[in-house]
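Colleague: Structure incoming, see below.
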Amino acid sequence: MPHFEEIYPFSAIVGQEKMKKALLLNAINPNIGGVLIKGEKGTAKSTAARALASLLPEGKVVEGCIFGCDPSDQNNLCFECQKKAGNFSTLMVPMKVIELPISATEDKVVGSLDIEHALKYGERIFEPGVLAKANRNILYVDEVNLLNDHIVDVLLDAAAMGVNIIEREGVSYEHPASFILIGTMNPEEGELRPQLLDRFGLCVDIEGIHDADTRVEVVKRRREYDLDSHGFCNRWSIKEQEIRAHIISTRSLLPSVTISDEMIYMIAQICLDMAGDGHRADIIMLKTAKTIAAFNNRTEVNEDDIREAAELVLSHRVRSQPLSDQQMDKDKIDESIEKSQKERQQPEEKEEDTKQNQKSQENTIPDGSTTTQFAEGSPFKVNQKSITQPRRIDSFKREESGRRSVTESRDGKYVRSRIPNQLTADIALDATIRAAAPYQISRRGKLAVSIEASDIREKVRERKMGNTILFVVDASGSMGAQQRMTAVKGAILSLLIDAYQKRDRVGLVVFRGSGAEVLLPPTTSVELARKYMQMLPVGGKTPLASGLSKGLEVLQREMMINNHTIPRLILISDGKANVGLGSDAPLQDAIEIAAKIKDSMISSVVIDTEQGFILFGLAHKISDEMGAKYLKLEELQADSIVDAVKRIGVI
Amino acid sequence: MHHFDDIYPFSAIVGQEQMKMALLLNAINPKIGGVLIKGEKGTAKSTAARALAHLLPNRDVVDGCIFGCDPDDTKSQCLDCQKKTDLKRKATRMRVVELPISATEDKVVGSLDIEHALKKGEKKFEPGILAQANRNILYVDEVNLLNDHIVDVLLDAAAMGMNFIEREGVSYVHPSSFILIGTMNPEEGELRPQLLDRFGLCVDIEGIMDADTRVEVIKRRQAYEEYPDNFLPLWTGEDQKLRERIIRAHELLPSIIISDHMLHMIAQICIDMGVDGHRADITMMKTSSTIAAYYGRAEVSEKDVREAATLVLSHRMRRRPFSEQQMDSRKLDQSIHNMQQPHSHQHTHSH
């Protein structure tokens with residue numbers, strides 16, 4: 001693919017050794033199964049993925065085959081090559097990086113009817129798509145977490161089977177589609193579906209370099225490249241050649257790498273301890289460790305290779321609570337390694353797992369006016385009944401966990417087409433022409449293409465739909481009393497985890513002192529929301545009305561931009577408003593805004609944090625005005641609902 | 001009605017020095033990566049963008065090429081131009097291509113040319129806004145109100161300098177390198193931080209509080225609208241001077257020296273300010289070099305770095321609750337001050 005400018009050389013990327021290693025290991029051994037590069041913005045993720053193209057080794061292909069079939073792999077030949085039955089010439093071509101743009105539509109990904117051929121000859125033949133080009137190559141998806149759900153489904157299907165099966169527009173076809181998936185993403189932009197995550201053999205997390213000298217080097221090289229990209233690439237060509245040569249020599253060494261039973265045992269133990277079900281991790285770790293050994297010019301896998309492989313293979317597979325910084329504990333790997341060594345020595349004895357899961361919580365005591373930051377209370381499973389409000393949202397159904405629901409609408413993203421049920425204004429012209437194409441020879445109209453009603457196809461558009469949950473959090477001084485804020489943070493965290501599992505959008509509005517602020521506009525990145533929440537300071541007065549009005553404003557705008565979202569507001573406060581919107585009646589101001597929220601069809605939940613012997617019940621009052629579901633903070637917890645029921649029973 | 005040449009002159013814009021500077025720097029060095037202008041409506045943002053296009057010197061394009069390819073740079077040309085041997089050239093003014101909020105994805109990235117398909121029975125790519133924007137200015141008003149998926153494709157193209165299409169029956173790739181000018185009113189919602197980062201520079205429009213200056217704004221606007229024939233010639237001289245300055249600075253740019261000391265200062269500032277990744281460092285390097293070129297100096301000075309820092313960092317700072325996303329100028333001073341102490345830091349750099 002042309003790039004219209006010189007690609008920045010791989011070897012000239014400063015630092016980020018782990019990322020570079022992961023990419024190279026894949027170039028050496030395609031069976032590792034790709035790599036996902038996660039990292040903050042501006043850390044050369046995409047640069048590295050694109051630069052890899054020029055380092056890739058050559059492979060043997062059938063000449064003229066669009067799928068680049070491997071002549072020595074009889075079982076995976078495409079139809080055309082099978083027909084030729086060995087009567088073909090072969091060619092050495094370098095592996096390619098095929099890019100999948102996030103704006104891609106389904107027909108171009110899986111392939112479709114060849115329009116031109118159909119128009120000219122009235123025959124249906126298959127026109128290959130991105131998956132065909134990707135066969136035996138690298139499929140690169142930049143911003144992979146922004147890819148459309150439907151396209152992800154198609155990718156996953158092909159990746160799982162290594163075959164792309166097409167049944168559409170009267171074309172039946174099937175071709176090999178086995179590719180190395182490389183993806184880059186910024187986790188702040190949203191998460192990746194677990195099924196897709198698991199498709200990546202390796203995963204690396206990268207961040208910017210903090211050392212000043214190294215940063216200067218980054219800038220210097222960039223400057224040289226900008227001033228004279230051609231000269232720059234020439235200067236690095238020797239380095240590039242060296243890496244290429246190393247890839248080739250490692251490749252030829254790879255088949256002779258051996259691994260002892262002891263080491264295989266170690267791999268199994270590590271995976272058992274850290275990754276749990278399934279054997280994918282074990283197998284990939286074995287392949288990766290072997291490739292690392294070969295990379296280091298050895299023919300025997302050692303402990304260090306396994307350690308290095310474990311980091312690359314497990315980081316995205318570690319069983320973890322959502323949001324609990326999916327990070328791998330290197331100590332834990334060591335522990336596993338030790339364990340496997342011990343068990344090898346005394347296979348009879350079985351160790352008891354004695355893990356201490358108790359974390360001590362230390363909290364600071366608030367002191368009135370000054371602002372303090374509180375620790376998060378530990379998360380709990382959110383009682384579903386407690387926050388689900390039957391009214392107004394029951395028309396909206398979705399699965400308990402996993403994928404977001406997708407609605408079809410005119411203003412979404414065009415992903416595929418279908419035969420319309422009734423008259424449609426949203427005609428998918430490309431698909432319509434494809435439908436009409438095979439009949440042109442018999443129809444013969446004035447135009448080159450004559451279209452009949454039965455040809456019409458309409459666009460299927462998708463846009464992400466789900467709840468937009470806006471937390472409006474009281475961070476005034478009164479919330480600091482008796483560890484309320486710790487409990488509140490625990491509650492928000494739990495709700496965030498819930499939102500993560502359902503892929504909702506979340507936002508955060510905080511009020512304290514003299515006003516309210518949108519800390520985080522609605523985003524799909526729950527991780528980002530959590531970061532902001534952690535930094536939340538507490539102290540000052542309670543401008544409840546400002547908080548609610550800011551919340552209303554944010555949700556109204558959200559409804560304007562994305563009219564398919566279901567807005568939900570969660571107010572967390574004790575309701576003790578003492579700063580109004582200019583009037584002397586702060587509570588009255590808050591009540592007025594609450595009524596407006598009700599009128600705007602925003603479903604809401606009020607979580608009352610009030611505590612103590614004398615209860616004012618102000619939050620309850622606000623809740624009534626807002627038409628909200630009212631809950632005490634304690635009632636949010638799934639297991640404590642039992643207590644709540646009991647309490648009601650007693651009184 | 002004004003005809004094409006009656007665009008409000010750049011040099012006649014009152015005040016807004018920072019915005020004008022940011023625009024000029026992008027004109028001198030398009031690799032800075034565009035500018036995001038934050039401010040209320042009616043603050044001359046789009047006037048300035050249009051005025052900038054008018055100010056820029058004509059450049060040669062391949063005659064008849066929809067992408068306006070550069071006839072002298074084969075590598076950057078579209079696939080059609082690369083195939084042709086005899087390219088006709090034509091001097092053309094840079095254009096401001098506008099991306100409306102209502103734009104659909106197919107209009108932005110391009111799609112199947114339906115008319116051609118129906119009439120000729122052939123597939124052909126119909127270029128979208130990203131095609132027109134190549135080598136021009138892409139102006140996006142209210143970028144924060146744009147649909148998320150449109151913003152994604154837009155910034156993808158901006159980052160790669162090309163547009164890559166696999167949709168609606170067509171596969172196509174074409175160059176799409178443009179100066180991105182976005183505007184937003186922060187009161188109507190923020191932009192995702194990762195998108196903010198893609199804009200090279202960011203400026204806040206200052207409200208003009210001085211009565212005399214406000215009067216001057218009104219007077220000039222009135223003169224422009226009512227008597228353009230008298231008003232416009234008054235500014236041709238100023239505009240011409242500025243145009244020449246841009247050309248000179250552009251020529252000077254490749255030879256600007258930036259010392260290791262200055263590069264260290266840039267790195268240290270970015271570390272102290274806690275920005276993510278390396279885009280800020282790189283943009284600050286480019287911007288300070290361009291500033292030096294603008295002032296006709298051969299070497300980047302501390303003053304240039306300081307000026308660049310304000311333009312580059314304001315939108316890249318990590319926001320903390322209840323603090324404005326703002327550059328802390330004291331912190332910046334501190335960073336620079338630390339770098340001036342020869343013994344506190346190691347300036348020598350090994351290769």
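In the structure tokens, chains take the letters A, B, ... in the order shown, each chain's residues start at 1, and ligands count up from 1 in the order shown.
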Within 6 Å of chain B, which residues of chain A show up when using only C-alpha atoms, listed as a list in words?

Modeller: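 The contacting residues on chain A are Phe4, Lys41, Gly42, Thr43, Ala104, Thr105, Lys108, Glu116, Gly208, Ala212, Arg215, Val216, Val219, Asp430, Leu447, Ala448 and Val449 of chain A.
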
Colleague: Generate the output file for the selected residues, N, CA and C atoms, as a CSV table (one decimal), in the first residue's frame.

Modeller:
```csv
chain,number,residue,atom,x,y,z
A,4,PHE,N,2.5,7.6,0.6
A,4,PHE,CA,2.7,9.0,0.3
A,4,PHE,C,3.8,9.7,1.0
A,41,LYS,N,-1.5,8.0,24.4
A,41,LYS,CA,-1.3,8.7,23.1
A,41,LYS,C,0.1,9.1,22.9
A,42,GLY,N,0.5,9.1,21.7
A,42,GLY,CA,1.9,9.6,21.3
A,42,GLY,C,3.0,8.8,21.8
A,43,THR,N,2.9,7.4,21.7
A,43,THR,CA,4.0,6.6,22.1
A,43,THR,C,4.5,5.7,21.0
A,104,ALA,N,-14.2,0.9,7.6
A,104,ALA,CA,-14.5,-0.2,6.6
A,104,ALA,C,-16.0,-0.7,6.8
A,105,THR,N,-16.6,-1.0,5.6
A,105,THR,CA,-17.9,-1.6,5.6
A,105,THR,C,-17.8,-3.1,5.4
A,108,LYS,N,-16.5,-4.8,2.0
A,108,LYS,CA,-15.1,-4.8,1.6
A,108,LYS,C,-14.2,-5.6,2.6
A,116,GLU,N,-18.5,-5.0,-11.6
A,116,GLU,CA,-18.2,-4.8,-13.0
A,116,GLU,C,-18.3,-6.0,-13.9
A,208,GLY,N,4.9,6.5,27.8
A,208,GLY,CA,6.0,7.4,27.4
A,208,GLY,C,7.2,7.2,28.2
A,212,ALA,N,14.8,12.3,30.6
A,212,ALA,CA,15.0,13.5,29.8
A,212,ALA,C,15.9,13.2,28.6
A,215,ARG,N,14.2,11.2,26.0
A,215,ARG,CA,13.2,12.0,25.3
A,215,ARG,C,13.8,12.9,24.3
A,216,VAL,N,14.9,13.5,24.6
A,216,VAL,CA,15.6,14.4,23.7
A,216,VAL,C,16.0,13.6,22.4
A,219,VAL,N,13.0,13.3,20.1
A,219,VAL,CA,12.8,14.5,19.4
A,219,VAL,C,13.8,14.7,18.3
A,430,ASP,N,-24.6,1.0,-3.4
A,430,ASP,CA,-23.6,0.0,-3.8
A,430,ASP,C,-24.2,-1.3,-3.9
A,447,LEU,N,-30.1,3.7,-19.3
A,447,LEU,CA,-28.8,3.8,-18.6
A,447,LEU,C,-28.0,2.5,-18.7
A,448,ALA,N,-26.8,2.6,-18.3
A,448,ALA,CA,-26.0,1.4,-18.3
A,448,ALA,C,-26.5,0.3,-17.4
A,449,VAL,N,-27.1,0.8,-16.3
A,449,VAL,CA,-27.6,-0.1,-15.3
A,449,VAL,C,-29.1,0.1,-15.1
```

Colleague: Within 9 Å of region 234-248 of chain B, which residues of region 39-85 of chain B show up? Give each one with its shortest atom-to-atom distance in Å (one decimal) and the two atoms involved, counting only C-alpha atoms, rows by chain then rising residue number, as JSON lines.

Modeller:
```
{"residue": "B:Leu55", "atom": "CA", "partner": "B:Arg243", "partner_atom": "CA", "distance": 6.0}
{"residue": "B:Leu56", "atom": "CA", "partner": "B:Arg243", "partner_atom": "CA", "distance": 6.2}
{"residue": "B:Pro57", "atom": "CA", "partner": "B:Arg243", "partner_atom": "CA", "distance": 6.6}
```

Colleague: Hey, can you check how far CA of Gly539 (chain A) sits from CA of Ile570 (chain A)?

Modeller: 20.4 Å

Colleague: Name the residues in contact with Ala27 (chain A) at a cut-off of 10 Å, using only C-alpha atoms, excluding same-chain residues fewer than 3 positions from it; report them as an MDAnalysis selection string.

Modeller: chainID A and resid 21:24 30:32 34 52:53 55:57 95 137:138 180 244 247:248 251
